[in-house]
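Trainee: Coordinates in input-v5.txt, compact mmCIF, C-alpha atoms and all ligand atoms, are listed below.
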# COMPACT_ATOMS: atom_id res chain seq x y z
CA MET A 1 -27.97 9.51 11.26
CA LYS A 2 -24.77 11.37 10.40
CA LYS A 3 -24.90 14.98 11.62
CA HIS A 4 -24.10 18.10 9.65
CA ASN A 5 -21.07 19.03 11.70
CA PHE A 6 -20.22 22.74 11.78
CA SER A 7 -17.76 22.38 14.69
CA ALA A 8 -14.68 24.61 14.67
CA GLY A 9 -12.20 21.89 15.60
CA PRO A 10 -11.76 19.01 16.02
CA CYS A 11 -14.22 18.92 13.22
CA ILE A 12 -15.54 17.31 10.08
CA LEU A 13 -13.26 15.22 7.87
CA PRO A 14 -14.15 13.42 4.65
CA GLN A 15 -16.32 10.39 5.33
CA GLU A 16 -13.90 8.20 3.37
CA VAL A 17 -11.10 9.26 5.74
CA PHE A 18 -13.11 8.07 8.76
CA LEU A 19 -13.79 4.80 7.00
CA LYS A 20 -10.22 4.09 5.86
CA ALA A 21 -8.75 5.21 9.17
CA SER A 22 -11.05 2.96 11.15
CA GLU A 23 -10.24 0.01 8.90
CA ALA A 24 -6.52 0.64 9.39
CA VAL A 25 -6.95 0.69 13.15
CA MET A 26 -8.49 -2.77 13.00
CA ASP A 27 -6.29 -4.29 10.31
CA PHE A 28 -3.74 -2.25 8.43
CA ASN A 29 -3.70 -3.24 4.74
CA GLY A 30 -4.52 -6.86 5.54
CA SER A 31 -1.35 -7.24 7.62
CA GLY A 32 -3.12 -8.71 10.63
CA LEU A 33 -1.84 -5.76 12.63
CA SER A 34 -3.34 -2.46 13.60
CA LEU A 35 -1.83 0.74 12.22
CA ILE A 36 -1.35 1.85 15.82
CA GLU A 37 0.55 -1.24 16.93
CA ILE A 38 3.24 -1.30 14.25
CA SER A 39 6.66 0.29 14.64
CA HIS A 40 6.94 3.83 13.40
CA ARG A 41 10.29 2.70 11.97
CA SER A 42 8.64 -0.02 9.89
CA LYS A 43 8.61 0.44 6.11
CA GLU A 44 4.82 0.62 6.27
CA PHE A 45 4.77 3.65 8.51
CA VAL A 46 7.81 5.37 7.00
CA ASP A 47 5.94 5.20 3.67
CA ILE A 48 2.90 6.87 5.25
CA MET A 49 5.00 9.67 6.70
CA GLU A 50 6.82 10.22 3.42
CA LYS A 51 3.59 10.22 1.45
CA ALA A 52 2.00 12.75 3.82
CA ARG A 53 5.03 15.03 3.63
CA THR A 54 5.24 14.80 -0.15
CA LEU A 55 1.51 15.38 -0.66
CA ALA A 56 1.58 18.44 1.59
CA LEU A 57 4.35 20.06 -0.45
CA GLU A 58 2.82 18.97 -3.75
CA LEU A 59 -0.63 20.37 -2.98
CA LEU A 60 0.88 23.67 -1.84
CA GLY A 61 3.01 23.87 -4.99
CA LEU A 62 6.22 23.86 -2.96
CA GLU A 63 7.93 20.72 -4.20
CA GLY A 64 11.56 21.24 -5.17
CA LYS A 65 11.52 24.82 -3.95
CA GLY A 66 13.69 24.48 -0.85
CA TYR A 67 10.89 23.66 1.55
CA GLN A 68 10.50 20.79 4.02
CA ALA A 69 7.24 19.46 5.45
CA LEU A 70 7.21 18.11 8.99
CA PHE A 71 4.49 16.50 11.08
CA LEU A 72 5.26 17.50 14.65
CA GLN A 73 3.39 17.36 17.94
CA GLY A 74 2.34 19.97 20.46
CA GLY A 75 -0.28 21.63 18.27
CA ALA A 76 -0.15 25.04 16.68
CA SER A 77 0.30 26.29 20.23
CA LEU A 78 3.79 24.81 20.40
CA GLU A 79 4.60 26.44 17.06
CA PHE A 80 3.86 29.84 18.63
CA LEU A 81 7.05 29.41 20.61
CA MET A 82 8.97 27.10 18.29
CA ALA A 83 8.76 29.61 15.43
CA ALA A 84 10.22 32.29 17.69
CA TYR A 85 12.79 29.91 19.17
CA ASN A 86 14.12 29.14 15.69
CA LEU A 87 13.75 32.51 13.96
CA LEU A 88 13.62 35.37 16.47
CA ASP A 89 17.02 36.82 17.23
CA LYS A 90 16.20 40.44 18.03
CA LYS A 91 12.87 41.72 16.77
CA ALA A 92 9.78 40.28 15.09
CA GLY A 93 6.57 41.83 13.82
CA TYR A 94 3.12 40.41 14.52
CA LEU A 95 -0.25 41.34 13.08
CA ASN A 96 -2.73 41.02 15.92
CA THR A 97 -5.96 39.67 14.49
CA GLY A 98 -7.35 37.75 17.43
CA ALA A 99 -6.93 35.33 20.29
CA TRP A 100 -4.52 33.02 18.46
CA SER A 101 -2.32 35.91 17.32
CA GLU A 102 -2.24 37.19 20.91
CA LYS A 103 -1.07 33.82 22.14
CA ALA A 104 1.63 33.74 19.48
CA ILE A 105 2.75 37.24 20.51
CA LYS A 106 2.92 36.26 24.17
CA GLU A 107 5.28 33.37 23.41
CA ALA A 108 7.46 35.38 21.01
CA LYS A 109 8.07 38.00 23.70
CA ILE A 110 10.05 35.38 25.64
CA PHE A 111 12.62 35.39 22.84
CA GLY A 112 12.94 39.01 21.74
CA GLU A 113 11.25 42.28 20.96
CA VAL A 114 7.82 42.10 19.40
CA VAL A 115 6.36 44.91 17.33
CA GLU A 116 2.61 44.77 16.75
CA VAL A 117 2.46 46.11 13.21
CA GLY A 118 -1.32 46.34 13.36
CA SER A 119 -4.23 45.24 15.53
CA SER A 120 -8.00 44.94 15.28
CA LYS A 121 -8.50 44.58 19.02
CA ASP A 122 -10.35 47.93 19.08
CA GLU A 123 -13.36 46.29 17.44
CA ASN A 124 -13.16 42.85 19.03
CA PHE A 125 -11.21 41.57 16.01
CA ASN A 126 -14.06 41.79 13.51
CA TYR A 127 -11.72 42.97 10.73
CA ILE A 128 -8.20 42.56 9.35
CA PRO A 129 -5.98 45.64 9.73
CA LYS A 130 -4.75 47.04 6.42
CA GLY A 131 -2.27 49.64 5.28
CA TYR A 132 0.17 48.94 8.10
CA THR A 133 3.88 49.30 7.56
CA VAL A 134 6.33 46.50 8.06
CA PRO A 135 9.75 47.63 9.35
CA ASP A 136 12.50 46.10 7.25
CA ASP A 137 14.72 45.24 10.22
CA LEU A 138 12.44 42.46 11.51
CA ASP A 139 13.61 38.87 11.78
CA TYR A 140 10.18 37.95 10.42
CA LEU A 141 6.57 39.05 10.20
CA HIS A 142 3.92 36.73 11.67
CA LEU A 143 0.31 36.56 10.48
CA THR A 144 -2.69 34.37 11.24
CA SER A 145 -4.29 33.70 7.88
CA ASN A 146 -7.71 32.75 9.24
CA ASN A 147 -9.09 33.79 12.59
CA THR A 148 -11.10 30.76 13.58
CA ILE A 149 -12.84 32.43 16.53
CA PHE A 150 -13.78 35.75 14.94
CA GLY A 151 -14.44 34.58 11.39
CA THR A 152 -12.02 36.87 9.58
CA GLN A 153 -9.51 35.88 6.92
CA VAL A 154 -6.53 37.64 5.39
CA LYS A 155 -7.33 38.05 1.68
CA LYS A 156 -4.19 39.91 0.69
CA PHE A 157 -0.79 39.24 2.23
CA PRO A 158 1.73 42.06 2.54
CA LYS A 159 4.71 42.19 0.25
CA THR A 160 7.65 42.11 2.61
CA THR A 161 11.41 42.05 2.45
CA VAL A 162 11.47 40.09 5.73
CA PRO A 163 10.57 36.38 6.08
CA LEU A 164 6.85 35.72 6.37
CA VAL A 165 5.55 33.28 9.01
CA CYS A 166 1.92 32.23 8.97
CA ASP A 167 -0.39 30.31 11.27
CA MET A 168 -2.72 28.63 8.77
CA SER A 169 -4.34 26.23 11.22
CA SER A 170 -7.88 26.84 10.09
CA ASP A 171 -7.57 27.49 6.37
CA ILE A 172 -4.63 25.52 5.05
CA PHE A 173 -5.41 23.69 1.79
CA SER A 174 -8.66 25.64 1.42
CA ARG A 175 -7.71 28.30 -1.12
CA GLN A 176 -5.13 29.06 -3.76
CA LEU A 177 -2.29 31.28 -2.64
CA ASP A 178 1.25 31.78 -3.79
CA PHE A 179 2.69 29.70 -0.99
CA THR A 180 6.24 30.61 -2.00
CA GLN A 181 5.68 33.99 -0.35
CA PHE A 182 5.81 32.24 3.04
CA ASP A 183 8.98 31.08 4.76
CA LEU A 184 7.27 29.20 7.56
CA ILE A 185 3.72 27.86 7.62
CA TYR A 186 2.22 25.89 10.46
CA ALA A 187 -1.18 24.35 10.99
CA GLY A 188 -2.67 22.09 13.62
CA ALA A 189 -4.14 19.05 11.87
CA GLN A 190 -7.54 19.09 13.54
CA LYS A 191 -9.15 21.91 11.55
CA ASN A 192 -8.77 20.98 7.93
CA MET A 193 -6.44 18.04 7.69
CA GLY A 194 -6.80 15.18 10.12
CA ALA A 195 -7.16 13.92 13.66
CA ALA A 196 -5.81 16.05 16.50
CA GLY A 197 -2.30 15.20 17.59
CA THR A 198 -0.05 16.47 14.85
CA THR A 199 0.87 19.83 13.37
CA LEU A 200 2.03 20.40 9.82
CA VAL A 201 5.07 22.64 9.61
CA VAL A 202 6.28 23.75 6.19
CA VAL A 203 9.56 25.57 6.37
CA LYS A 204 11.94 27.05 3.86
CA GLU A 205 15.27 25.62 4.87
CA ASP A 206 17.32 28.72 4.17
CA VAL A 207 15.63 30.75 6.94
CA LEU A 208 16.92 28.36 9.58
CA GLY A 209 20.19 28.40 11.49
CA LYS A 210 20.36 32.18 11.85
CA VAL A 211 19.65 32.67 15.54
CA SER A 212 22.50 32.70 18.01
CA ARG A 213 20.79 30.80 20.85
CA LYS A 214 21.04 27.09 21.49
CA ILE A 215 17.86 25.24 20.57
CA PRO A 216 16.75 22.06 22.39
CA SER A 217 16.59 19.14 19.92
CA MET A 218 12.83 18.62 20.12
CA LEU A 219 12.24 22.30 19.36
CA ASP A 220 14.77 22.58 16.57
CA TYR A 221 13.32 22.45 13.06
CA LYS A 222 16.72 21.46 11.68
CA VAL A 223 16.81 18.38 13.91
CA HIS A 224 13.35 17.30 12.74
CA ILE A 225 14.33 17.90 9.11
CA SER A 226 17.52 15.87 9.48
CA LYS A 227 15.44 12.95 10.84
CA ASP A 228 12.76 13.16 8.13
CA SER A 229 10.16 14.14 10.73
CA MET A 230 10.94 10.99 12.74
CA PHE A 231 13.25 12.35 15.44
CA ASN A 232 10.97 10.69 17.98
CA THR A 233 7.78 8.66 17.70
CA PRO A 234 5.35 10.71 15.61
CA ALA A 235 1.60 10.79 16.18
CA VAL A 236 1.11 7.80 13.90
CA PHE A 237 -2.68 7.78 13.77
CA ALA A 238 -2.99 11.54 13.28
CA VAL A 239 -0.37 11.52 10.52
CA TYR A 240 -2.20 8.67 8.79
CA THR A 241 -5.47 10.61 8.80
CA CYS A 242 -3.63 13.62 7.34
CA MET A 243 -2.22 11.43 4.59
CA LEU A 244 -5.71 10.15 3.80
CA THR A 245 -7.21 13.63 3.72
CA LEU A 246 -4.44 14.93 1.48
CA GLU A 247 -4.97 11.98 -0.85
CA TRP A 248 -8.71 12.73 -0.89
CA LEU A 249 -7.96 16.35 -1.75
CA LYS A 250 -5.54 15.42 -4.51
CA ASN A 251 -8.08 13.05 -6.08
CA LEU A 252 -10.67 15.81 -5.96
CA GLY A 253 -8.43 18.07 -8.03
CA GLY A 254 -6.35 19.70 -5.30
CA ILE A 255 -6.68 23.20 -3.89
CA PRO A 256 -8.20 24.81 -7.05
CA ALA A 257 -11.08 22.31 -6.96
CA ILE A 258 -11.78 22.65 -3.24
CA GLU A 259 -11.51 26.44 -3.40
CA GLU A 260 -14.35 26.54 -5.90
CA ILE A 261 -16.59 24.50 -3.58
CA ASN A 262 -15.53 26.55 -0.55
CA GLU A 263 -16.47 29.76 -2.38
CA LYS A 264 -19.91 28.38 -3.21
CA LYS A 265 -20.53 27.37 0.41
CA ALA A 266 -19.43 30.75 1.74
CA GLN A 267 -21.52 32.61 -0.82
CA LEU A 268 -24.60 30.56 0.01
CA LEU A 269 -24.32 31.15 3.76
CA TYR A 270 -23.25 34.79 3.68
CA SER A 271 -25.99 35.79 1.27
CA GLU A 272 -28.50 34.26 3.68
CA ILE A 273 -26.92 36.18 6.59
CA ASP A 274 -27.11 39.41 4.57
CA LEU A 275 -30.63 39.00 3.20
CA ASN A 276 -32.31 37.50 6.25
CA PRO A 277 -33.30 40.24 8.76
CA VAL A 278 -33.29 37.70 11.62
CA PHE A 279 -29.47 37.47 11.42
CA GLU A 280 -26.51 39.84 11.54
CA GLY A 281 -22.98 39.05 10.40
CA PHE A 282 -20.15 39.63 12.88
CA ALA A 283 -17.05 40.02 10.71
CA LYS A 284 -16.65 42.99 8.34
CA MET A 285 -17.79 42.02 4.89
CA GLU A 286 -14.50 42.34 3.01
CA ASP A 287 -12.64 40.26 5.60
CA ARG A 288 -15.14 37.44 6.00
CA SER A 289 -13.67 33.98 6.39
CA HIS A 290 -14.67 31.26 3.94
CA MET A 291 -13.99 28.72 6.65
CA ASN A 292 -15.69 30.09 9.78
CA ALA A 293 -18.77 32.30 9.38
CA THR A 294 -19.71 34.24 12.52
CA PHE A 295 -23.19 35.69 12.98
CA ASN A 296 -25.74 36.69 15.60
CA LEU A 297 -29.47 36.84 15.99
CA ALA A 298 -30.80 40.39 15.61
CA ASP A 299 -33.15 39.59 18.48
CA GLU A 300 -31.74 37.40 21.25
CA LYS A 301 -35.25 36.35 22.22
CA LEU A 302 -35.30 34.05 19.21
CA LYS A 303 -32.38 32.01 20.51
CA GLU A 304 -34.35 29.17 22.02
CA THR A 305 -36.45 28.69 18.88
CA PHE A 306 -33.45 28.85 16.52
CA ASP A 307 -31.34 26.50 18.66
CA ALA A 308 -34.13 23.95 18.74
CA MET A 309 -34.61 24.20 14.97
CA TRP A 310 -31.02 23.61 13.91
CA LYS A 311 -30.60 20.77 16.36
CA GLU A 312 -33.78 19.23 14.99
CA ALA A 313 -32.29 19.49 11.46
CA GLY A 314 -29.32 17.34 12.51
CA ILE A 315 -26.88 20.24 12.76
CA ASN A 316 -24.05 20.14 15.31
CA GLY A 317 -21.48 22.61 16.61
CA LEU A 318 -23.05 25.92 15.66
CA ASN A 319 -22.49 27.82 18.91
CA GLY A 320 -20.06 30.72 18.67
CA HIS A 321 -16.86 30.90 20.69
CA ARG A 322 -17.41 32.27 24.20
CA SER A 323 -15.47 35.47 23.40
CA VAL A 324 -17.77 36.38 20.51
CA GLY A 325 -21.09 34.71 21.35
CA GLY A 326 -23.77 34.12 18.76
CA TYR A 327 -23.11 31.50 16.12
CA ARG A 328 -20.21 30.19 14.12
CA ALA A 329 -20.60 27.90 11.16
CA SER A 330 -17.30 26.24 10.29
CA MET A 331 -17.27 25.07 6.70
CA TYR A 332 -13.99 23.26 6.32
CA ASN A 333 -12.99 21.39 3.16
CA ALA A 334 -14.96 18.24 4.01
CA MET A 335 -18.23 20.12 4.55
CA SER A 336 -20.59 19.62 1.64
CA LEU A 337 -22.57 22.33 -0.11
CA GLU A 338 -25.67 20.28 0.76
CA SER A 339 -24.98 20.55 4.50
CA VAL A 340 -24.60 24.32 4.21
CA GLY A 341 -27.89 24.26 2.30
CA ILE A 342 -29.57 22.54 5.27
CA LEU A 343 -28.38 25.32 7.59
CA VAL A 344 -29.56 28.00 5.16
CA ASP A 345 -32.96 26.32 4.96
CA VAL A 346 -33.26 26.43 8.75
CA MET A 347 -32.29 30.10 8.72
CA SER A 348 -34.90 31.02 6.14
CA GLU A 349 -37.51 28.94 7.98
CA MET A 350 -36.56 31.05 11.01
CA GLU A 351 -37.34 34.21 9.06
CA ARG A 352 -40.83 32.93 8.25
CA LYS A 353 -41.40 32.17 11.94
CA GLY A 354 -39.59 35.15 13.48
C1 LIG B 401 -7.04 26.00 16.73
C2 LIG B 401 -6.03 27.03 16.42
C3 LIG B 401 -4.79 27.09 17.10
C4 LIG B 401 -4.44 26.18 18.25
O1 LIG B 401 -4.23 24.91 17.82
P1 LIG B 401 -3.76 23.75 18.84
O2 LIG B 401 -3.44 22.66 17.88
O3 LIG B 401 -4.91 23.47 19.73
O4 LIG B 401 -2.58 24.23 19.58
C5 LIG B 401 -3.89 28.04 16.69
N1 LIG B 401 -4.16 28.90 15.69
C6 LIG B 401 -5.33 28.87 15.03
C7 LIG B 401 -5.58 29.84 13.92
C8 LIG B 401 -6.31 27.94 15.38
O5 LIG B 401 -7.47 27.90 14.71
Translate this file's structure into structure tokens.
Ligand SMILES: *Cc1c(COP(=O)(O)O)cnc(C)c1O

Mentor:
Amino acid sequence: MKKHNFSAGPCILPQEVFLKASEAVMDFNGSGLSLIEISHRSKEFVDIMEKARTLALELLGLEGKGYQALFLQGGASLEFLMAAYNLLDKKAGYLNTGAWSEKAIKEAKIFGEVVEVGSSKDENFNYIPKGYTVPDDLDYLHLTSNNTIFGTQVKKFPKTTVPLVCDMSSDIFSRQLDFTQFDLIYAGAQKNMGAAGTTLVVVKEDVLGKVSRKIPSMLDYKVHISKDSMFNTPAVFAVYTCMLTLEWLKNLGGIPAIEEINEKKAQLLYSEIDLNPVFEGFAKMEDRSHMNATFNLADEKLKETFDAMWKEAGINGLNGHRSVGGYRASMYNAMSLESVGILVDVMSEMERKG
């Protein structure tokens, strides 16, 4: 039986993506060849890459607005340094909202001065700092839109005069935003888009080429742009799964349609967390993530019972990250409202027992 998969990443993808991707691995479009044995320079694969790049820009509303979409390798973790390599000349600002932000800050420090414009470390990152000032002499400001581990999400982005860079690994394509406010967006595929192995980078071309240092080809966004994201062999399978997921999303009605479902799922789960005395939410209410909900048991003694119950209900991947503990329910785009309903049922059953 298919599980209700609440894993944080790699994680759930639409069932139709699994099906189409597995068919393509066996026999790509009736060609007698597997998707993963054809040349990445073949027309078949070039079409896939182009479709994935176009769909990404189209869904974000960035087509014809000076942006390029790339599917690179090395994960969001490589983008921590690649963003700085390409954009940080003297000084950059970072909003520290958790473990991923801290990793991004660490890499940026190799390339220049880093100003932490705000931090929520004082309360184990259970909120998003607000009211911070952004110096106007920064090369860019870097944010993490959704903090996968802590379950917080930036609801309002600062108006800045400096370029805005955003790690959207765990909430890209999940909600409507004015994406033109960002100059560089990156997101590892494996949270909301496809199989692990590729990272979507969306970059506004006019922010590039301003640093004085020499950039190695593989780390230079301009090189990847000039080669249409095919400077070297791309992660063909991962890119194909991204293309399929983006197609699925487009057919569903795009980001506005998925946002509505995501809001329903979040509302269903958070109202259970708030009303059920057995559970306590981790993230501050106004900053709660619609993708990753973090919560704890009010009484740790109930852990064994609760763990047995959700496993029995066919739920997978509910354990919280080791730095937070408790539970984390990741409700990415492909998660159905019904699956969230199953979890909520288990939680209310727990209240009757506990
Ligand atoms: C998972 C995650 C990363 C790291 O992604 P990799 O692809 O494993 O490098 C970075 N940032 C955020 C917000 C994440 O959720």

Trainee: Show me which residues are within 8 Å of ligand LIG 401 (chain B) counting all atoms listed in the file, and format the list as JSON, numbers by chain.

Mentor: {"A": [8, 9, 74, 75, 76, 77, 78, 79, 100, 101, 144, 145, 146, 147, 148, 149, 167, 168, 169, 170, 187, 188, 189, 190, 191, 196, 197, 198, 199]}

Trainee: Near A:Met331, within 7 Å and counting all atoms listed in the file, which residues show up once chain neighbours fewer than 3 positions away are dropped, as a PyMOL selection string?

Mentor: chain A and resi 6+291-292+335

Trainee: Quick one: write out the picked residues with C-alpha atoms as a short mmCIF file (atom, residue, chain, number, x, y, z; two decimals), keeping the file's coordinate frame?

Mentor:
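Generated output (again_32.cif):
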data_model
loop_
_atom_site.label_atom_id
_atom_site.label_comp_id
_atom_site.auth_asym_id
_atom_site.auth_seq_id
_atom_site.Cartn_x
_atom_site.Cartn_y
_atom_site.Cartn_z
CA PHE A 6 -20.22 22.74 11.78
CA MET A 291 -13.99 28.72 6.65
CA ASN A 292 -15.69 30.09 9.78
CA MET A 335 -18.23 20.12 4.55
#

Trainee: Compile the contact shell of A:Glu260 as a JSON list (two decimals) with C-alpha atoms, in the coordinates of the input: residues with an atom at most 9 Å away, counting all atoms listed in the file, same-chain residues fewer than 5 positions apart removed.

Mentor:
[["chain", "number", "residue", "atom", "x", "y", "z"],
["A", 175, "ARG", "CA", -7.71, 28.30, -1.12],
["A", 255, "ILE", "CA", -6.68, 23.20, -3.89],
["A", 265, "LYS", "CA", -20.53, 27.37, 0.41]]

Trainee: A:Val134: which residues within 9 Å, counting all atoms listed in the file, same-chain residues fewer than 5 positions away excluded, as a list of chain:residue names?

Mentor: A:Gly93, A:Val117, A:Leu141, A:Pro158, A:Thr160, A:Thr161, A:Val162

Trainee: Restricting the calculation to all atoms listed in the file: of A:Leu269, A:Met347, A:Ile128, A:Val223, which residue gets closest to A:Ala283?

Mentor: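 Closest to A:Ala283, using all atoms listed in the file: A:Ile128.
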
Trainee: List the spatial neighbours of A:Leu13 as a compact mmCIF listing (two decimals) with C-alpha atoms, keeping the file's coordinate frame - criterion: any atom at most 7 Å away, all atoms listed in the file, same-chain residues fewer than 3 positions off excluded.

Mentor:
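Contents of the output file around16.txt:
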# COMPACT_ATOMS: atom_id res chain seq x y z
CA VAL A 17 -11.10 9.26 5.74
CA GLY A 194 -6.80 15.18 10.12
CA ALA A 334 -14.96 18.24 4.01

Trainee: If I take atom CA of A:Tyr85 and atom CA of A:Lys103, how far is one from the other in Å, to one decimal?

Mentor: 14.7 Å

Trainee: Can you report as AutoDock Vina command-line options the centre and edge lengths in Å, to one decimal, of an axis-aligned box around the listed atoms of stretch 65-79 of chain A padded with 4 Å on each side?

Mentor:
--center_x 6.7 --center_y 21.5 --center_z 8.3 --size_x 22.0 --size_y 17.9 --size_z 32.4

Trainee: Would you mind listing what lies within 7 Å of A:Lys51 as a list in words, with all atoms listed in the file counted and same-chain residues fewer than 4 positions away left out?

Mentor: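 Once the nearby chain positions are removed, what remains is Asp47, Leu55 and Met243 of chain A.
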
Trainee: Using all atoms listed in the file, which of A:Phe28, A:Tyr94, A:Trp310, A:Tyr127 sits nearest A:Gly281?

Mentor: A:Tyr127

Trainee: Looking at all atoms listed in the file, which of A:Ile342, A:Arg288, A:Ile110, A:Leu219 is the one that sits closest to A:Gln267?

Mentor: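 That would be A:Arg288, the residue with the smallest distance to A:Gln267.
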
Trainee: Which is closest to A:Ile48 among A:Glu272, A:Lys250, A:Phe18, A:Leu35, if we use all atoms listed in the file?

Mentor: A:Leu35

Trainee: Suppose you want the space between atom CA of A:Val278 and atom CA of A:Met1; what is it in Å?

Mentor: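 Atom CA of A:Val278 sits 28.7 Å away from atom CA of A:Met1.
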